[in-house]
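*Asks:* Please read through the structure below; I'll follow up with questions.
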Amino acid sequence: MKTFRLLVTALLVAASVGFSSCGDDNDAPIEPQNPKEYIVSIGYAGEFDITEAPLSKVKTNDLYGIQIYSKPNTDTKSQDYKYYALGLFNDGAEMNIKLLDGYQYKIVATIVKDGDNKLYKPISDPFSAHNGIPINKFQYTSSNYFYSIDRGLSRVSSGSVISHPNLDRYYGELIDYIPQENGHVNINMKRTSFGIKILTNNFTQGTIIMKMNKASQIWLQYPQSEFEDMFTLDYCSNAYYDTEYQETEEASILWRKDDGVEVSLGTKSIPCKRNTQTIITVNISENPNNYGMGLTIIDEPMKTGDYITFE
C-alpha cells in the first residue's frame, strides 16, 4: 500500500509539472497566424526620371528588380532582416506588394535602362536568382533572392559577364518601412553609373580600340570620330550612399592603321565617378616622334567630368 501511495504521489507531481510547463508555453509570445494584409504600390523618385505614383501601365524596355526583406515590428534593433519577396518587372502598374501587419520592411530596388535589349536572354546578372524569377509578379519566398542586385556585375547581350557593363543603372533602398492602408512608397533612386565619351583629332584612317579591364572593348572605325555611352559602377550600393563615390578603370588605346600597323598610345587610369562623364580625347599623329599621351582633368559633375587625352 505504501508503494502505491508513493506511485500516486509521483504521478500527481508529474502532472503538476506538466500543467506548469503548459502555462509557461502559453505565456510565450506567438506571432499572429493571420495578420492583416496591406497592398502597397511601389514607385520611384530621386535622380530617376519617373515620379508618378503609381507608375503608369506602360511596358518598357527598362527592367526593374526589387528585393524585399522583413522583420517583426518590435523595438529590438538587433533583429536581422530576412528575405520576404522579390520581383522583376518591365510594367510599372504591376509593382504592387502584399505586406503584413506587425512587420517592418526593407526594400532594395535597381533599374537597368533598356535592360530588355541590352541584357543576355534569358535574363541573368544582375537579376540572377537561386530558383529563377518570373516577370511582372512578386514571388513571396524566404529561400529565393537576387544574388547581386547591389552589384554592377551583369551579363550583357553578347554573353559576357562584366563588372563595368555599358548599362545605365539606378539603385535605391528604403529601410524600416511600416505598411499602412492604401500605402505607396517612393524609393529614392540614384544613378550608379558613369559616362565615357571619346573624341578624336586628326583621325583619318583605320580603327581606334580602347581596352578596359572591367568593360567591353570600344571600337571606333573611321569615319566614326566619336563615342559616348553609360557604364555601371561595380558597387552600386556604395555609390548610392556616397555621392562622391569613384572607381578606377585601366584603359589602353591602340590605333590600328589601314595597312595593319598597330600603334600603342599607352595606358591610363580612368576615373569612374558616379553620375559623371569622363571625356577621353585621342590625338592621332603621323609623326612617330609625337606618339605619346597627355592628360587633362576637368572635374564637372554629370554633364562633363574628367578630360583625358591620348596622343
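By convention in this document, the chains of the C-alpha cells carry letters A, B, ... by their order, each chain's residues are numbered from 1, and ligands are numbered from 1 in the order they are shown.
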Fewer than 2 positions away in the same chain doesn't count, so skip those; otherwise give me all residues within 6 Å of Val40 in chain A, counting only C-alpha atoms, as an mmCIF file with C-alpha atoms, in the first residue's frame.

*Replies:*
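Writing the result to selection.cif gives the following:
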data_model
loop_
_atom_site.group_PDB
_atom_site.id
_atom_site.type_symbol
_atom_site.label_atom_id
_atom_site.label_comp_id
_atom_site.auth_asym_id
_atom_site.auth_seq_id
_atom_site.Cartn_x
_atom_site.Cartn_y
_atom_site.Cartn_z
ATOM 1 C CA ASN A 96 2.093 46.167 -56.000
ATOM 2 C CA ILE A 97 3.295 44.189 -52.994
ATOM 3 C CA GLY A 183 0.104 52.697 -48.910
ATOM 4 C CA HIS A 184 2.502 53.930 -51.541
#

*Asks:* Quick one: everything within 9 Å of range 212-221 of chain A, counting only C-alpha atoms, minus sequence neighbours fewer than 2 positions away in the same chain. Send it as a PDB file with C-alpha atoms, in the first residue's frame.

*Replies:*
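Result file is out_12.pdb:
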ATOM      1  CA  SER A 160      29.985  38.273 -71.437  1.00  0.00           C
ATOM      2  CA  ILE A 162      31.282  42.302 -66.981  1.00  0.00           C
ATOM      3  CA  SER A 163      31.828  44.393 -63.837  1.00  0.00           C
ATOM      4  CA  HIS A 164      31.546  47.708 -65.723  1.00  0.00           C
ATOM      5  CA  PRO A 165      28.902  46.874 -68.352  1.00  0.00           C
ATOM      6  CA  ASN A 166      27.739  49.559 -70.747  1.00  0.00           C
ATOM      7  CA  GLN A 205      42.091  56.148 -91.286  1.00  0.00           C
ATOM      8  CA  GLY A 206      41.968  52.790 -89.543  1.00  0.00           C
ATOM      9  CA  THR A 207      40.473  51.839 -86.196  1.00  0.00           C
ATOM     10  CA  ILE A 208      40.876  53.110 -82.637  1.00  0.00           C
ATOM     11  CA  ILE A 209      40.446  50.415 -79.978  1.00  0.00           C
ATOM     12  CA  MET A 210      40.108  51.170 -76.280  1.00  0.00           C
ATOM     13  CA  PRO A 223      34.962  57.716 -90.363  1.00  0.00           C
ATOM     14  CA  GLN A 224      33.364  57.350 -86.898  1.00  0.00           C
ATOM     15  CA  SER A 225      35.100  60.013 -84.841  1.00  0.00           C
ATOM     16  CA  GLU A 226      33.193  59.995 -81.525  1.00  0.00           C
ATOM     17  CA  PHE A 227      31.799  57.534 -78.991  1.00  0.00           C
ATOM     18  CA  PHE A 231      28.686  52.235 -67.806  1.00  0.00           C
ATOM     19  CA  ASP A 234      30.831  47.783 -59.839  1.00  0.00           C
ATOM     20  CA  GLU A 249      39.455  51.634 -64.862  1.00  0.00           C
ATOM     21  CA  GLU A 250      42.741  50.897 -66.571  1.00  0.00           C
ATOM     22  CA  ALA A 251      42.306  51.845 -70.216  1.00  0.00           C
ATOM     23  CA  SER A 252      44.718  51.395 -73.100  1.00  0.00           C
TER      24      SER A 252
END

*Asks:* Quote the spacing between CA of Tyr147 in chain A and CA of Lys71 in chain A in Å to one decimal place.

*Replies:*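 CA of Lys71 in chain A lies at a distance of 20.1 Å from CA of Tyr147 in chain A.
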
*Asks:* Go through range 170-283 of chain A residue by residue and, counting only C-alpha atoms, keep those with an atom at most 10 Å from range 111-127 of chain A; for each kept residue give the shortest atom pair and its distance in Å to one decimal, ordered by chain and increasing number, as a Markdown table.

*Replies:*
| residue | atom | partner | partner_atom | distance |
| --- | --- | --- | --- | --- |
| A:Tyr170 | CA | A:Ile111 | CA | 5.0 |
| A:Tyr171 | CA | A:Ile111 | CA | 6.5 |
| A:Gly172 | CA | A:Ile111 | CA | 9.0 |
| A:Met189 | CA | A:Ile111 | CA | 8.7 |
| A:Lys190 | CA | A:Ile111 | CA | 9.8 |
| A:Arg191 | CA | A:Ile111 | CA | 9.2 |
| A:Thr192 | CA | A:Ile111 | CA | 9.8 |
| A:Thr232 | CA | A:Val112 | CA | 9.3 |

*Asks:* Any chance you can output those residues with all heavy atoms as a PDB file, in the first residue's frame?

*Replies:*
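File out_12.pdb, as written:
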ATOM      1  N   TYR A 170      20.369  52.465 -62.104  1.00  0.00           N
ATOM      2  CA  TYR A 170      19.909  53.214 -60.939  1.00  0.00           C
ATOM      3  C   TYR A 170      19.714  52.250 -59.781  1.00  0.00           C
ATOM      4  O   TYR A 170      19.368  51.075 -59.983  1.00  0.00           O
ATOM      5  CB  TYR A 170      18.594  53.941 -61.246  1.00  0.00           C
ATOM      6  CG  TYR A 170      18.731  55.043 -62.270  1.00  0.00           C
ATOM      7  CD1 TYR A 170      18.800  54.739 -63.632  1.00  0.00           C
ATOM      8  CD2 TYR A 170      18.810  56.370 -61.886  1.00  0.00           C
ATOM      9  CE1 TYR A 170      18.941  55.736 -64.577  1.00  0.00           C
ATOM     10  CE2 TYR A 170      18.942  57.381 -62.829  1.00  0.00           C
ATOM     11  CZ  TYR A 170      19.004  57.060 -64.169  1.00  0.00           C
ATOM     12  OH  TYR A 170      19.151  58.047 -65.102  1.00  0.00           O
ATOM     13  N   TYR A 171      19.908  52.774 -58.559  1.00  0.00           N
ATOM     14  CA  TYR A 171      19.817  51.919 -57.372  1.00  0.00           C
ATOM     15  C   TYR A 171      19.225  52.724 -56.225  1.00  0.00           C
ATOM     16  O   TYR A 171      19.472  53.933 -56.103  1.00  0.00           O
ATOM     17  CB  TYR A 171      21.207  51.413 -56.996  1.00  0.00           C
ATOM     18  CG  TYR A 171      21.249  50.512 -55.779  1.00  0.00           C
ATOM     19  CD1 TYR A 171      21.093  49.134 -55.896  1.00  0.00           C
ATOM     20  CD2 TYR A 171      21.461  51.045 -54.504  1.00  0.00           C
ATOM     21  CE1 TYR A 171      21.137  48.309 -54.779  1.00  0.00           C
ATOM     22  CE2 TYR A 171      21.503  50.221 -53.390  1.00  0.00           C
ATOM     23  CZ  TYR A 171      21.343  48.856 -53.538  1.00  0.00           C
ATOM     24  OH  TYR A 171      21.387  48.045 -52.429  1.00  0.00           O
ATOM     25  N   GLY A 172      18.424  52.050 -55.369  1.00  0.00           N
ATOM     26  CA  GLY A 172      17.839  52.744 -54.233  1.00  0.00           C
ATOM     27  C   GLY A 172      17.441  51.779 -53.135  1.00  0.00           C
ATOM     28  O   GLY A 172      17.243  50.580 -53.373  1.00  0.00           O
ATOM     29  N   MET A 189      15.902  56.893 -55.859  1.00  0.00           N
ATOM     30  CA  MET A 189      16.854  56.235 -56.747  1.00  0.00           C
ATOM     31  C   MET A 189      17.991  57.197 -57.110  1.00  0.00           C
ATOM     32  O   MET A 189      17.771  58.383 -57.336  1.00  0.00           O
ATOM     33  CB  MET A 189      16.156  55.771 -58.031  1.00  0.00           C
ATOM     34  CG  MET A 189      14.934  54.902 -57.804  1.00  0.00           C
ATOM     35  SD  MET A 189      15.313  53.324 -57.012  1.00  0.00           S
ATOM     36  CE  MET A 189      16.188  52.481 -58.335  1.00  0.00           C
ATOM     37  N   LYS A 190      19.198  56.653 -57.148  1.00  0.00           N
ATOM     38  CA  LYS A 190      20.355  57.416 -57.601  1.00  0.00           C
ATOM     39  C   LYS A 190      21.015  56.693 -58.764  1.00  0.00           C
ATOM     40  O   LYS A 190      21.045  55.461 -58.804  1.00  0.00           O
ATOM     41  CB  LYS A 190      21.366  57.588 -56.468  1.00  0.00           C
ATOM     42  CG  LYS A 190      20.881  58.477 -55.341  1.00  0.00           C
ATOM     43  CD  LYS A 190      21.964  58.668 -54.300  1.00  0.00           C
ATOM     44  CE  LYS A 190      21.496  59.559 -53.158  1.00  0.00           C
ATOM     45  NZ  LYS A 190      22.548  59.735 -52.133  1.00  0.00           N
ATOM     46  N   ARG A 191      21.521  57.475 -59.689  1.00  0.00           N
ATOM     47  CA  ARG A 191      22.244  56.875 -60.814  1.00  0.00           C
ATOM     48  C   ARG A 191      23.556  56.304 -60.290  1.00  0.00           C
ATOM     49  O   ARG A 191      24.335  56.980 -59.633  1.00  0.00           O
ATOM     50  CB  ARG A 191      22.507  57.916 -61.883  1.00  0.00           C
ATOM     51  CG  ARG A 191      23.319  57.386 -63.056  1.00  0.00           C
ATOM     52  CD  ARG A 191      23.493  58.442 -64.133  1.00  0.00           C
ATOM     53  NE  ARG A 191      22.605  58.208 -65.248  1.00  0.00           N
ATOM     54  CZ  ARG A 191      22.189  59.151 -66.089  1.00  0.00           C
ATOM     55  NH1 ARG A 191      22.560  60.394 -65.916  1.00  0.00           N
ATOM     56  NH2 ARG A 191      21.391  58.845 -67.101  1.00  0.00           N
ATOM     57  N   THR A 192      23.781  55.038 -60.566  1.00  0.00           N
ATOM     58  CA  THR A 192      25.009  54.371 -60.122  1.00  0.00           C
ATOM     59  C   THR A 192      25.828  53.949 -61.336  1.00  0.00           C
ATOM     60  O   THR A 192      26.333  52.836 -61.422  1.00  0.00           O
ATOM     61  CB  THR A 192      24.676  53.157 -59.232  1.00  0.00           C
ATOM     62  OG1 THR A 192      23.794  52.270 -59.927  1.00  0.00           O
ATOM     63  CG2 THR A 192      24.017  53.602 -57.946  1.00  0.00           C
ATOM     64  N   THR A 232      27.990  50.949 -65.866  1.00  0.00           N
ATOM     65  CA  THR A 232      27.602  50.759 -64.466  1.00  0.00           C
ATOM     66  C   THR A 232      28.827  50.641 -63.574  1.00  0.00           C
ATOM     67  O   THR A 232      29.801  49.961 -63.925  1.00  0.00           O
ATOM     68  CB  THR A 232      26.743  49.491 -64.309  1.00  0.00           C
ATOM     69  OG1 THR A 232      25.601  49.591 -65.153  1.00  0.00           O
ATOM     70  CG2 THR A 232      26.277  49.322 -62.873  1.00  0.00           C
TER      71      THR A 232
END
